[in-house]
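Worksheet for the structure shown next.
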There are 4 protein chains.
Amino acid sequence: MNKPIGFIGLGQMGEPMARNLLKAGFNVCVYNRTLARTEGLAREGAQVAKQPAAATVPGGMVITMLANDAAVEKVVLGPNGIAGSLGEGGIHVSMSTISPETARKLAKVHEQNGSMYLAAPVFGRPEAAAAGKLWICVSGPSEGHAIAAPVLQVLGQGVHFFGEDPGAANVVKLAGNFLIASAIEALAEALALGEKNHVDRTALAGFFTQTIFACPIYVNYGRIIAEERYEPPGFKLELGMKDIGLVLNTAQTSQVPMPLASLLRDRFLGSLARGRQDMDWAAIAVAVSETAGLK
Amino acid sequence: MNKPIGFIGLGQMGEPMARNLLKAGFNVCVYNRTLARTEGLAREGAQVAKQPAAATVPGGMVITMLANDAAVEKVVLGPNGIAGSLGEGGIHVSMSTISPETARKLAKVHEQNGSMYLAAPVFGRPEAAAAGKLWICVSGPSEGHAIAAPVLQVLGQGVHFFGEDPGAANVVKLAGNFLIASAIEALAEALALGEKNHVDRTALAGFFTQTIFACPIYVNYGRIIAEERYEPPGFKLELGMKDIGLVLNTAQTSQVPMPLASLLRDRFLGSLARGRQDMDWAAIAVAVSETAGLK
Amino acid sequence: MNKPIGFIGLGQMGEPMARNLLKAGFNVCVYNRTLARTEGLAREGAQVAKQPAAATVPGGMVITMLANDAAVEKVVLGPNGIAGSLGEGGIHVSMSTISPETARKLAKVHEQNGSMYLAAPVFGRPEAAAAGKLWICVSGPSEGHAIAAPVLQVLGQGVHFFGEDPGAANVVKLAGNFLIASAIEALAEALALGEKNHVDRTALAGFFTQTIFACPIYVNYGRIIAEERYEPPGFKLELGMKDIGLVLNTAQTSQVPMPLASLLRDRFLGSLARGRQDMDWAAIAVAVSETAGLK
Amino acid sequence: MNKPIGFIGLGQMGEPMARNLLKAGFNVCVYNRTLARTEGLAREGAQVAKQPAAATVPGGMVITMLANDAAVEKVVLGPNGIAGSLGEGGIHVSMSTISPETARKLAKVHEQNGSMYLAAPVFGRPEAAAAGKLWICVSGPSEGHAIAAPVLQVLGQGVHFFGEDPGAANVVKLAGNFLIASAIEALAEALALGEKNHVDRTALAGFFTQTIFACPIYVNYGRIIAEERYEPPGFKLELGMKDIGLVLNTAQTSQVPMPLASLLRDRFLGSLARGRQDMDWAAIAVAVSETAGLK
């Protein structure tokens, strides 16, 4: 019989991921800060822990899917944190979007306890999480990767390994979110240009996303931006701001001027200032239309 | 027997396009400013005209594939231009990347002569032109579109119609080139961020172009930028500058702030200032690496 | 007795300048496209010409103060233009803000006629023009400069010579307008930052303009932007757009990336799109406040 | 006889400031992390403390002039910090450039101990510090301001009060450094434009700094950038990066998009990446010239 897998963080992404593990026959023990979010999974067979540490078994595996660096640090290093309970041979699979620095720091703490830290951030919105169709980028100890592989394959449609640096997968994740936000900005400007020249937004987006930009990001955001449907959010604008902040912090630490990331930062900041924090992050396109006099 | 189709402009794109028409059984009469470029096609069966007007027959079709607005204007309105020879019912299929303003102006001239102007700019590099795999966006009179359709289907793998405004297809084309250049900038910044954080450029580009960005533009430019192979050019940097200039002119006329297009303009300008005009336009990525201290 | 000095263009700037020449005892012959604007000066003793050429005497001096390149070209090269009437030894003192290219082109035309072209664009708003307190930058033939000096000294408080290239003074003028617009943007961002942090706009602007930025541009625009009083305009926003356009064209011709000028262009464009063309150009600050959620 | 004034931080700015207090007849007790820097002042009559706390007397005044937020926090809150020694009625005059957040946090700590925190950051380079010609902006308790005024008048040529919020003066300071860096960027772009159009850098800068920009910042940086003399530094580029970082953090907290600040951030980052951290911060102009192909 399987040792239970701990799963910490049952937000829009975490809950369907934990459910997929249950469905695949894994024994899962969930923890969430607000207990109410555990109820559905409990009915479907999950154990429920009242403390992060209680979601782990010595030498076992625990997955975290949390909102930000601080939340992950708290779950690992805080009172009743998993740093103290994971033990020799245990493995922490950290799937949140956090900074490479935090990842490296947590990896060191686990190493001192004989545990392993595997960075495994994901690409995909809640629907993809539910469908087990995430793309997962992994870095950290190869041994840990081998152990986690069967679990990750349940959660995603592809797993790519980026070497032993525990921060590497987070760099990839941040680079990816930067690429997505850049595509949003580019589409928003292109569609505003079209609209003011009497070219239909949907026709314009449709042409490109069926031809030279026929890939998930452009298809999805091309539709959202053409139709200007920013609610309900797939990924909230305030989280987009957080991620672009992490991109720029990493760029600063590694001394890489990224003017396009800077432009995005100002878009997100302006969108927050105008009260759009709970819309989809593609709603930075609203500001593009506004400055063009379209609103 | 078919009336000959005139084909004016035998550059990297025009020559393989004219050849495809010949292969498809059309009777083709070519014109090029420097006569030497007509020789290959002449051996393959094309007639050769010594003046633009001589490439047309009254009431026939003539295609132009030229470098810029000035070249198209000269071929239409200059001495021995096609405006005077195309005649009642004739159709000018204008496939160059030019401004919507020039397109609208030429459309009016043709209309006064009883001829039609069909804007039909294309997406695709020379290989796609040779393979008949261009994407073609069309606007202008529906009647002209119907006449040109069988010819355009030989040249491309898809033809999209954007309405009667002769400038519309050019707006689409400019929006598309802006989207491509934006993707180049985004990839360049993302790969520089990766490189300075010890994530391999090729691995990083490969991951994204196999997953959430699995579309021709990202696959192609992801590889070029990861490998930093900017020669030989598929599309010259100086032409990229020209097109971003057209984008910004159109944005100015229609009062659309496009800060990402502005960023691109400065990248192209800086790349010209450093002597990279004959490299592929993806070589704007060199400046990204330089400012990050990678060169 | 003095030969009359021609003065062409009686806008917000030109009219008080021509008046100053009259007051200084010069014989002045004015021309303006709309005749009504000449009436006041006629009552004060100016002669009135009905054509540009009629404002000149062979071998004399004519000053132009017009809205843009096209207006200057028309007055020089158009029907009844001064190119044909200025004659051997005549001098055209061109004080409008135009591109260096246009200046060089006009200089050549005059040279072919034995006339001289002196670029002499000015800094100063209408009040400064009225007070004879303009700053004038000059370039062109030294001989022409010597002839024009007594006249220019009436119009300005200082005349700076930038060499023989007829385009040089225009480069200086464009660089100056770029510097002013940059100061406007910087002040606008600084005051928005202050306001959202509960630091009074007027106190903040006042501190800097009494200390490290105690110079006319900061004093003037610091007050306008702190108080948000953009009407009536001292210099219209649509003219600011025109001048930043000239800056960027010159930057493109000479291959100088100017990202701050690009940022300004997008500010002006967005301000036009929102209907602010007739406000003072400092009203680009409105957009800064808007994106910060202050409006 | 006077209670001694503590003075903590004897860098390029702090040392001449402490010396001015000595010269003015104040009793001064200095502390510096590296003791050697205290020797000169000791010979001139200063007492020397071996701990921050030892530089204070209960109910007295202590001035800090340190490199960054962390250094100030350490001196206040760290082992043998002044928080524990300043006592009832004591006053901490904090003259470093730090974030408003840190200022507010330290103010609270002092308040709990019955002490006062007065933010008093300064404008001026080391020469101005030596000449007692700094401009000082102050915020915090009015009572504290009244007590500190006679001391601040020795150090500066003007003291401006911005209200009771302990963070306000820091907002002003950050806004000011942003304005200065913006002027540097604007001058750099203008001079590059001039240079590529054959207008002499010194003549161009000289014209503006004698006329519409005749104020200390433009005079000083106009000369440095025209002559491209970035060594020795008056204010190091790496400190400029720190300050622009503080500006952008404050902008983020208060949700103010500042695209010009973002542009500056990328300039500083690129300059660090190319090894210019020890040059004067005006050396961001080198990158402007480089991208224009001038180097």
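How things are named: the first chain in the structure tokens is A, the next is B, and so on; residues count from 1 in each chain; ligands count from 1 in the order shown.
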
Residues near C:Lys133, cut-off 10 Å, only C-alpha atoms, skip fewer than 3 positions along chain, as a PyMOL selection string: chain C and resi 122-130+136+153-158

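All residues within stretch 63-145 of chain B that the backbone DSSP calculation assigns to strand (DSSP E) are Ile63, Thr64, Ile91, His92, Val93, Ser94, Met116, Tyr117, Leu118, Ala119, Val122, Phe123, Leu134, Trp135, Ile136, Cys137 and Val138 of chain B.
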
Would you write out those residues with N, CA and C atoms, as an mmCIF file, in the first residue's frame?
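Result file follows (result-v3.cif):
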```cif
data_model
loop_
_atom_site.group_PDB
_atom_site.id
_atom_site.type_symbol
_atom_site.label_atom_id
_atom_site.label_comp_id
_atom_site.auth_asym_id
_atom_site.auth_seq_id
_atom_site.Cartn_x
_atom_site.Cartn_y
_atom_site.Cartn_z
ATOM 1 N N ILE B 63 0.201 41.090 -60.817
ATOM 2 C CA ILE B 63 0.585 40.941 -59.402
ATOM 3 C C ILE B 63 1.850 41.757 -59.167
ATOM 4 N N THR B 64 1.885 42.484 -58.033
ATOM 5 C CA THR B 64 3.142 43.155 -57.662
ATOM 6 C C THR B 64 3.641 42.618 -56.332
ATOM 7 N N ILE B 91 -7.262 43.894 -63.088
ATOM 8 C CA ILE B 91 -7.121 43.802 -61.642
ATOM 9 C C ILE B 91 -5.655 43.776 -61.230
ATOM 10 N N HIS B 92 -5.343 44.609 -60.276
ATOM 11 C CA HIS B 92 -3.991 44.677 -59.730
ATOM 12 C C HIS B 92 -4.014 44.002 -58.365
ATOM 13 N N VAL B 93 -3.317 42.885 -58.257
ATOM 14 C CA VAL B 93 -3.216 42.159 -56.990
ATOM 15 C C VAL B 93 -1.904 42.576 -56.334
ATOM 16 N N SER B 94 -2.023 43.372 -55.260
ATOM 17 C CA SER B 94 -0.846 44.028 -54.679
ATOM 18 C C SER B 94 -0.438 43.293 -53.416
ATOM 19 N N MET B 116 -9.459 47.385 -60.966
ATOM 20 C CA MET B 116 -9.652 47.074 -59.554
ATOM 21 C C MET B 116 -8.293 46.925 -58.869
ATOM 22 N N TYR B 117 -8.298 47.255 -57.571
ATOM 23 C CA TYR B 117 -7.095 47.075 -56.750
ATOM 24 C C TYR B 117 -7.445 46.092 -55.659
ATOM 25 N N LEU B 118 -6.701 45.007 -55.554
ATOM 26 C CA LEU B 118 -6.920 44.031 -54.501
ATOM 27 C C LEU B 118 -5.655 43.961 -53.642
ATOM 28 N N ALA B 119 -5.798 44.326 -52.353
ATOM 29 C CA ALA B 119 -4.662 44.182 -51.430
ATOM 30 C C ALA B 119 -4.556 42.722 -51.040
ATOM 31 N N VAL B 122 1.111 38.986 -47.770
ATOM 32 C CA VAL B 122 1.302 37.577 -47.387
ATOM 33 C C VAL B 122 2.149 37.434 -46.126
ATOM 34 N N PHE B 123 1.976 36.323 -45.446
ATOM 35 C CA PHE B 123 2.863 35.901 -44.369
ATOM 36 C C PHE B 123 3.619 34.662 -44.806
ATOM 37 N N LEU B 134 2.187 30.129 -48.372
ATOM 38 C CA LEU B 134 1.971 31.446 -47.774
ATOM 39 C C LEU B 134 0.571 31.525 -47.168
ATOM 40 N N TRP B 135 0.433 32.427 -46.199
ATOM 41 C CA TRP B 135 -0.896 32.815 -45.716
ATOM 42 C C TRP B 135 -1.175 34.177 -46.328
ATOM 43 N N ILE B 136 -2.338 34.310 -46.921
ATOM 44 C CA ILE B 136 -2.638 35.523 -47.677
ATOM 45 C C ILE B 136 -3.858 36.219 -47.080
ATOM 46 N N CYS B 137 -3.715 37.518 -46.777
ATOM 47 C CA CYS B 137 -4.901 38.268 -46.316
ATOM 48 C C CYS B 137 -5.284 39.256 -47.405
ATOM 49 N N VAL B 138 -6.553 39.305 -47.685
ATOM 50 C CA VAL B 138 -7.053 40.007 -48.855
ATOM 51 C C VAL B 138 -8.095 41.037 -48.434
#
```

Result of fitting chain A to chain D over every paired C-alpha, as a short mmCIF file (atom, residue, chain, number, x, y, z; two decimals) with C-alpha atoms, in the first residue's frame:
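So the final result, stored in result38.cif, reads:
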```
data_model
loop_
_atom_site.label_atom_id
_atom_site.label_comp_id
_atom_site.auth_asym_id
_atom_site.auth_seq_id
_atom_site.Cartn_x
_atom_site.Cartn_y
_atom_site.Cartn_z
CA MET A 1 27.70 73.56 27.32
CA ASN A 2 26.14 71.55 24.54
CA LYS A 3 25.21 67.95 24.87
CA PRO A 4 27.16 66.09 22.18
CA ILE A 5 25.41 65.39 18.91
CA GLY A 6 25.90 61.83 17.74
CA PHE A 7 26.89 61.40 14.09
CA ILE A 8 26.74 57.93 12.61
CA GLY A 9 28.08 57.21 9.13
CA LEU A 10 31.23 58.93 7.85
CA GLY A 11 31.11 58.24 4.12
CA GLN A 12 31.66 60.74 1.30
CA MET A 13 28.72 62.77 2.58
CA GLY A 14 28.76 62.14 6.31
CA GLU A 15 32.36 63.09 7.01
CA PRO A 16 32.19 66.67 5.67
CA MET A 17 28.79 67.12 7.34
CA ALA A 18 30.14 66.06 10.73
CA ARG A 19 33.12 68.36 10.18
CA ASN A 20 30.81 71.30 9.56
CA LEU A 21 29.10 70.66 12.88
CA LEU A 22 32.46 70.64 14.64
CA LYS A 23 33.46 73.87 12.93
CA ALA A 24 30.18 75.46 13.99
CA GLY A 25 31.09 74.76 17.60
CA PHE A 26 28.94 71.71 18.25
CA ASN A 27 30.21 68.94 20.43
CA VAL A 28 30.15 65.87 18.14
CA CYS A 29 30.52 62.18 18.91
CA VAL A 30 31.07 60.10 15.77
CA TYR A 31 30.56 56.44 15.04
CA ASN A 32 31.56 54.57 11.89
CA ARG A 33 31.57 50.84 11.17
CA THR A 34 35.19 50.96 10.06
CA LEU A 35 36.94 52.86 12.77
CA ALA A 36 39.74 54.23 10.58
CA ARG A 37 37.33 56.73 8.99
CA THR A 38 36.92 58.47 12.36
CA GLU A 39 40.56 59.43 12.73
CA GLY A 40 40.56 62.72 10.86
CA LEU A 41 37.55 64.01 12.77
CA ALA A 42 39.00 62.80 16.06
CA ARG A 43 42.07 64.95 15.43
CA GLU A 44 39.73 67.88 14.77
CA GLY A 45 38.05 67.42 18.15
CA ALA A 46 35.31 64.83 17.72
CA GLN A 47 34.70 62.16 20.31
CA VAL A 48 34.68 58.63 18.92
CA ALA A 49 32.15 55.98 19.87
CA LYS A 50 32.74 52.28 19.42
CA GLN A 51 29.05 51.36 19.22
CA PRO A 52 26.08 53.21 17.73
CA ALA A 53 24.47 53.50 21.16
CA ALA A 54 27.63 55.06 22.56
CA ALA A 55 27.26 57.95 20.13
CA THR A 56 24.04 59.01 21.85
CA VAL A 57 23.16 60.58 25.16
CA PRO A 58 19.70 60.07 26.66
CA GLY A 59 17.38 62.77 25.43
CA GLY A 60 19.99 63.99 22.94
CA MET A 61 20.26 64.15 19.18
CA VAL A 62 21.82 61.64 16.83
CA ILE A 63 22.22 62.01 13.08
CA THR A 64 22.56 59.06 10.68
CA MET A 65 23.99 59.31 7.18
CA LEU A 66 24.25 55.73 5.91
CA ALA A 67 24.27 53.77 2.66
CA ASN A 68 20.86 52.13 2.64
CA ASP A 69 17.80 50.93 4.51
CA ALA A 70 19.54 47.89 5.96
CA ALA A 71 22.38 49.96 7.40
CA VAL A 72 19.97 52.37 9.08
CA GLU A 73 17.85 49.54 10.45
CA LYS A 74 20.92 47.88 11.88
CA VAL A 75 22.14 51.05 13.59
CA VAL A 76 18.72 51.63 15.12
CA LEU A 77 17.48 48.12 15.87
CA GLY A 78 20.64 45.99 15.89
CA PRO A 79 22.84 45.10 18.85
CA ASN A 80 23.91 48.24 20.68
CA GLY A 81 21.52 50.15 18.46
CA ILE A 82 20.29 53.65 19.18
CA ALA A 83 16.69 52.57 19.72
CA GLY A 84 17.72 51.43 23.17
CA SER A 85 19.83 54.40 24.11
CA LEU A 86 18.18 57.52 22.72
CA GLY A 87 15.60 57.71 25.46
CA GLU A 88 12.78 60.04 26.37
CA GLY A 89 12.88 63.23 24.34
CA GLY A 90 15.81 62.05 22.26
CA ILE A 91 15.73 62.72 18.52
CA HIS A 92 17.03 60.71 15.62
CA VAL A 93 17.66 62.87 12.55
CA SER A 94 17.78 60.36 9.69
CA MET A 95 19.43 61.91 6.64
CA SER A 96 20.06 58.84 4.45
CA THR A 97 18.09 58.11 1.30
CA ILE A 98 15.82 55.28 2.41
CA SER A 99 12.32 54.11 1.67
CA PRO A 100 9.29 55.82 3.19
CA GLU A 101 8.26 52.42 4.61
CA THR A 102 11.47 52.01 6.56
CA ALA A 103 11.18 55.58 7.80
CA ARG A 104 7.65 54.96 9.08
CA LYS A 105 8.67 51.73 10.74
CA LEU A 106 11.63 53.31 12.54
CA ALA A 107 9.49 56.26 13.59
CA LYS A 108 7.13 53.86 15.35
CA VAL A 109 9.94 52.14 17.20
CA HIS A 110 11.33 55.43 18.47
CA GLU A 111 7.87 56.62 19.45
CA GLN A 112 7.43 53.56 21.65
CA ASN A 113 10.61 54.59 23.46
CA GLY A 114 9.54 58.19 23.89
CA SER A 115 12.05 59.32 21.26
CA MET A 116 11.40 61.15 18.00
CA TYR A 117 12.28 60.28 14.41
CA LEU A 118 12.88 63.11 11.97
CA ALA A 119 13.36 62.26 8.31
CA ALA A 120 15.83 64.75 6.81
CA PRO A 121 17.26 63.47 3.53
CA VAL A 122 19.43 65.85 1.53
CA PHE A 123 20.20 66.95 -2.01
CA GLY A 124 23.77 67.75 -2.93
CA ARG A 125 26.99 66.01 -3.83
CA PRO A 126 30.05 65.78 -1.52
CA GLU A 127 31.25 69.29 -2.47
CA ALA A 128 27.91 70.72 -1.42
CA ALA A 129 28.07 68.77 1.85
CA ALA A 130 31.52 70.23 2.52
CA ALA A 131 30.32 73.74 1.74
CA GLY A 132 27.23 73.46 3.96
CA LYS A 133 25.17 73.99 0.84
CA LEU A 134 22.86 70.96 0.97
CA TRP A 135 19.15 71.25 0.40
CA ILE A 136 17.33 69.43 3.17
CA CYS A 137 13.76 68.14 3.14
CA VAL A 138 12.28 67.32 6.50
CA SER A 139 9.22 65.50 7.81
CA GLY A 140 8.13 64.16 11.16
CA PRO A 141 7.04 65.75 14.44
CA SER A 142 7.03 69.56 14.34
CA GLU A 143 8.57 69.58 17.79
CA GLY A 144 11.49 67.54 16.49
CA HIS A 145 11.85 69.85 13.53
CA ALA A 146 12.13 72.85 15.84
CA ILE A 147 14.83 71.15 17.89
CA ALA A 148 16.83 70.07 14.85
CA ALA A 149 16.53 73.31 12.91
CA PRO A 150 19.69 75.02 14.23
CA VAL A 151 21.74 71.93 13.43
CA LEU A 152 20.23 71.48 9.96
CA GLN A 153 20.91 75.13 9.15
CA VAL A 154 24.61 74.47 9.61
CA LEU A 155 24.49 71.58 7.18
CA GLY A 156 22.36 73.09 4.46
CA GLN A 157 21.45 76.27 2.64
CA GLY A 158 17.74 75.60 2.93
CA VAL A 159 15.39 73.41 4.94
CA HIS A 160 11.88 72.58 3.66
CA PHE A 161 9.26 70.98 5.89
CA PHE A 162 6.82 68.48 4.39
CA GLY A 163 4.54 67.70 7.31
CA GLU A 164 4.26 65.13 10.06
CA ASP A 165 4.37 61.89 8.04
CA PRO A 166 7.85 60.51 8.73
CA GLY A 167 7.86 58.98 5.22
CA ALA A 168 7.03 62.22 3.39
CA ALA A 169 10.55 63.66 3.19
CA ASN A 170 11.78 60.34 1.80
CA VAL A 171 9.12 60.45 -0.90
CA VAL A 172 10.39 63.93 -1.79
CA LYS A 173 13.98 62.71 -1.83
CA LEU A 174 13.10 59.75 -4.07
CA ALA A 175 11.08 62.00 -6.37
CA GLY A 176 14.09 64.29 -6.60
CA ASN A 177 16.55 61.56 -7.45
CA PHE A 178 14.11 60.34 -10.05
CA LEU A 179 13.96 63.86 -11.53
CA ILE A 180 17.75 64.05 -11.63
CA ALA A 181 18.17 60.66 -13.28
CA SER A 182 15.46 61.62 -15.78
CA ALA A 183 17.39 64.77 -16.64
CA ILE A 184 20.52 62.65 -17.15
CA GLU A 185 18.70 60.33 -19.55
CA ALA A 186 17.16 63.26 -21.43
CA LEU A 187 20.52 65.04 -21.77
CA ALA A 188 22.20 61.82 -22.88
CA GLU A 189 19.65 61.23 -25.64
CA ALA A 190 19.70 64.87 -26.75
CA LEU A 191 23.50 64.97 -26.94
CA ALA A 192 23.65 61.67 -28.85
CA LEU A 193 21.13 63.08 -31.32
CA GLY A 194 23.24 66.20 -31.65
CA GLU A 195 26.51 64.31 -32.05
CA LYS A 196 25.19 62.11 -34.83
CA ASN A 197 23.99 65.26 -36.56
CA HIS A 198 27.38 66.95 -36.20
CA VAL A 199 26.36 69.37 -33.46
CA ASP A 200 29.11 69.64 -30.85
CA ARG A 201 28.14 68.07 -27.50
CA THR A 202 29.65 70.87 -25.41
CA ALA A 203 28.11 73.63 -27.51
CA LEU A 204 24.70 71.96 -27.31
CA ALA A 205 24.81 71.38 -23.55
CA GLY A 206 26.25 74.85 -23.00
CA PHE A 207 23.43 76.56 -24.86
CA PHE A 208 20.69 74.91 -22.84
CA THR A 209 22.37 75.20 -19.47
CA GLN A 210 22.90 78.94 -19.99
CA THR A 211 19.32 79.54 -21.06
CA ILE A 212 16.14 77.60 -20.42
CA PHE A 213 17.84 74.96 -18.25
CA ALA A 214 20.15 77.22 -16.26
CA CYS A 215 19.93 75.33 -12.95
CA PRO A 216 22.43 73.28 -10.94
CA ILE A 217 21.36 69.82 -12.08
CA TYR A 218 21.53 70.62 -15.79
CA VAL A 219 24.69 72.69 -15.50
CA ASN A 220 26.49 69.94 -13.60
CA TYR A 221 25.27 66.91 -15.55
CA GLY A 222 25.24 68.75 -18.88
CA ARG A 223 28.99 69.25 -18.47
CA ILE A 224 29.71 65.71 -17.27
CA ILE A 225 27.73 64.10 -20.10
CA ALA A 226 29.00 66.46 -22.80
CA GLU A 227 32.60 65.75 -21.79
CA GLU A 228 31.88 62.10 -20.96
CA ARG A 229 33.87 62.32 -17.73
CA TYR A 230 32.32 59.72 -15.45
CA GLU A 231 35.26 59.25 -13.13
CA PRO A 232 35.82 59.97 -10.34
CA PRO A 233 32.15 59.55 -9.39
CA GLY A 234 30.24 62.19 -7.45
CA PHE A 235 27.49 59.64 -6.87
CA LYS A 236 28.13 56.06 -7.83
CA LEU A 237 26.07 54.31 -10.44
CA GLU A 238 25.33 51.40 -8.12
CA LEU A 239 23.78 53.84 -5.66
CA GLY A 240 21.70 55.26 -8.47
CA MET A 241 20.39 51.77 -9.15
CA LYS A 242 19.53 51.42 -5.46
CA ASP A 243 17.62 54.71 -5.48
CA ILE A 244 15.68 53.97 -8.65
CA GLY A 245 14.83 50.64 -7.04
CA LEU A 246 13.41 52.51 -4.04
CA VAL A 247 11.47 54.82 -6.37
CA LEU A 248 9.92 51.86 -8.15
CA ASN A 249 9.13 50.04 -4.91
CA THR A 250 7.36 53.13 -3.62
CA ALA A 251 5.59 53.45 -6.97
CA GLN A 252 4.47 49.84 -6.69
CA THR A 253 3.22 50.17 -3.13
CA SER A 254 1.26 53.26 -4.07
CA GLN A 255 0.23 51.96 -7.52
CA VAL A 256 1.74 54.63 -9.74
CA PRO A 257 2.94 53.50 -13.19
CA MET A 258 6.18 55.39 -13.86
CA PRO A 259 7.39 54.37 -17.32
CA LEU A 260 10.26 56.85 -17.23
CA ALA A 261 11.46 55.33 -13.95
CA SER A 262 11.19 51.90 -15.57
CA LEU A 263 13.32 53.08 -18.48
CA LEU A 264 15.91 54.36 -16.00
CA ARG A 265 15.90 51.06 -14.14
CA ASP A 266 16.80 49.23 -17.33
CA ARG A 267 19.55 51.75 -18.07
CA PHE A 268 21.09 51.28 -14.63
CA LEU A 269 20.76 47.51 -14.82
CA GLY A 270 22.42 47.40 -18.22
CA SER A 271 25.20 49.66 -16.96
CA LEU A 272 25.86 47.37 -14.01
CA ALA A 273 25.86 44.38 -16.36
CA ARG A 274 28.61 46.13 -18.33
CA GLY A 275 30.70 46.79 -15.25
CA ARG A 276 30.09 50.51 -14.65
CA GLN A 277 28.97 50.29 -11.02
CA ASP A 278 31.80 52.52 -9.77
CA MET A 279 31.40 55.29 -12.32
CA ASP A 280 29.25 58.35 -11.74
CA TRP A 281 25.59 57.55 -12.25
CA ALA A 282 25.59 59.92 -15.24
CA ALA A 283 27.45 57.08 -16.99
CA ILE A 284 24.08 55.63 -17.98
CA ALA A 285 24.75 57.98 -20.90
CA VAL A 286 27.41 55.58 -22.14
CA ALA A 287 24.70 53.05 -23.00
CA VAL A 288 22.81 55.75 -24.90
CA SER A 289 25.87 56.40 -27.04
CA GLU A 290 26.58 52.71 -27.48
CA THR A 291 23.12 51.88 -28.80
CA ALA A 292 23.50 54.79 -31.23
CA GLY A 293 26.69 53.21 -32.55
CA LEU A 294 28.86 56.01 -31.19
CA LYS A 295 31.28 53.75 -29.29
#
```

As a list in words, please: every residue in stretch 78-146 of chain C that a backbone DSSP assignment puts in alpha helix (DSSP H). Pro100, Glu101, Thr102, Ala103, Arg104, Lys105, Leu106, Ala107, Lys108, Val109, His110, Glu111, Gln112, Pro126, Glu127, Ala128, Ala129, Ala130, Ser142, Glu143, Gly144, His145 and Ala146 of chain C
